[in-house]
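Here's the structure, in structure tokens; my notes come after.
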Amino acid sequence: MDRGVAVKDPSQPHGLKLLIEDYPFAIDGLEIWSAIQTWVHDYCSIYYHSDAMVQNDPELDSWWSELRTEGHGDKKDEPWWPKMNTRAVLIDTCTIIIWVASALHAAVNFGQYPYAGYLPNRPTVSRRFMPKPGTPEYAELESNPEMAFLKTITSQFQTLLGVSLIEILSRHSTDEIYLGQSESPYWTSDPDALEAFKRFGRKLEDIEVKIKERNNDECLKNRNGLVKVPYTLLYPNTSDYTREGGLTGKGIPNSISI
């Protein structure tokens, strides 16, 4: 809302109305955020039945203190840190952490090679200023714009380094654990927590179906763009247990892994 792309609207599924209706990141992201928030709410509600239980948990207090003072020591004295004293704050905080470490990172990371693997499509640097009229560089731009462009963008050696790097960063590992999946079925013996996690996984698989449907909707032009590349950066891939990995351009890992 701060960026002017949405307004509060209680009648909408997520309480927000997008001002840009064909906005793939926002539409898919809201659904993923809502699924994470519901999962966190269900899980926290199993163990914290009241605000007092949050306030009187020394381990939770220690975790929150370490996160602020050690994890973000340069920001530890900022006034905007919330007080960890209610269930609502706990749920919101955990939702934000999971969102940033999973979906947000996936959206900005795993599309690097599909969108920038052909470097002239998204050069990493400009080696010279735009030429001014009357200069030899401007005359070259008029007579041979492709050559002028190549002289301006990333050099050949830098291109090789850049493309190699983003190819590595954009790859999913063969042992990737996606959001809603678990490496082991024995991560907890609590049946209520296991059932809540199953609901979370099923919700993410439902979102996968919706994303496919939106990508096939010809009325939503931004889902594929002019080059016909479907937007799948927030496709959870929860249903995929093949462990193939690679440059898939989709999939939200459980957490950031480099």
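Chain identifiers are assigned as A, B, and so on, following the order in which chains appear in the structure tokens; residues are numbered from 1 within each chain, and ligands are numbered from 1 in order of appearance.
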> Can you list, as an MDAnalysis selection string, every protein, DNA or RNA residue that comes within 12 Å of stretch 24-30 of chain A when you count only C-alpha atoms, leaving out same-chain residues fewer than 4 positions away?
Replying inline: chainID A and resid 1 5:6 12:20 34:37 99:100 102:108 204 206:215 220:225 230:236 252
> Quick one: DSSP helix (DSSP H, G or I) residues in stretch 35-190 of chain A, as a ChimeraX atom specification?
Replying inline: /A:35-47,51-55,58-71,73-75,87-109,112-116,119-121,136-143,145-152,156-169
> Within 8 Å of stretch 158-167 of chain A, counting only C-alpha atoms, which residues qualify if same-chain residues fewer than 5 places away don't, as a PyMOL selection string?
Replying inline: chain A and resi 112-113+116-119+124+247
>> Applying 12 Å and only C-alpha atoms, which residues near A:Leu141 remain after dropping the ones on its own chain fewer than 5 positions away? List them as a VMD selection string.
In response: chain A and resid 130 to 136 146 to 152
> Rounded to one decimal in Å, what is the spacing between atom CA of A:Asn85 and atom CA of A:Ala52?
Replying inline: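 About the pair atom CA of A:Asn85 and atom CA of A:Ala52: they are 7.6 Å apart.
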>> What's around A:Asp192 at 9 Å? Count only C-alpha atoms, leave out sequence neighbours fewer than 4 positions away in its own chain, and write the answer as number ranges by chain.
In response: A: 43, 46, 196-197
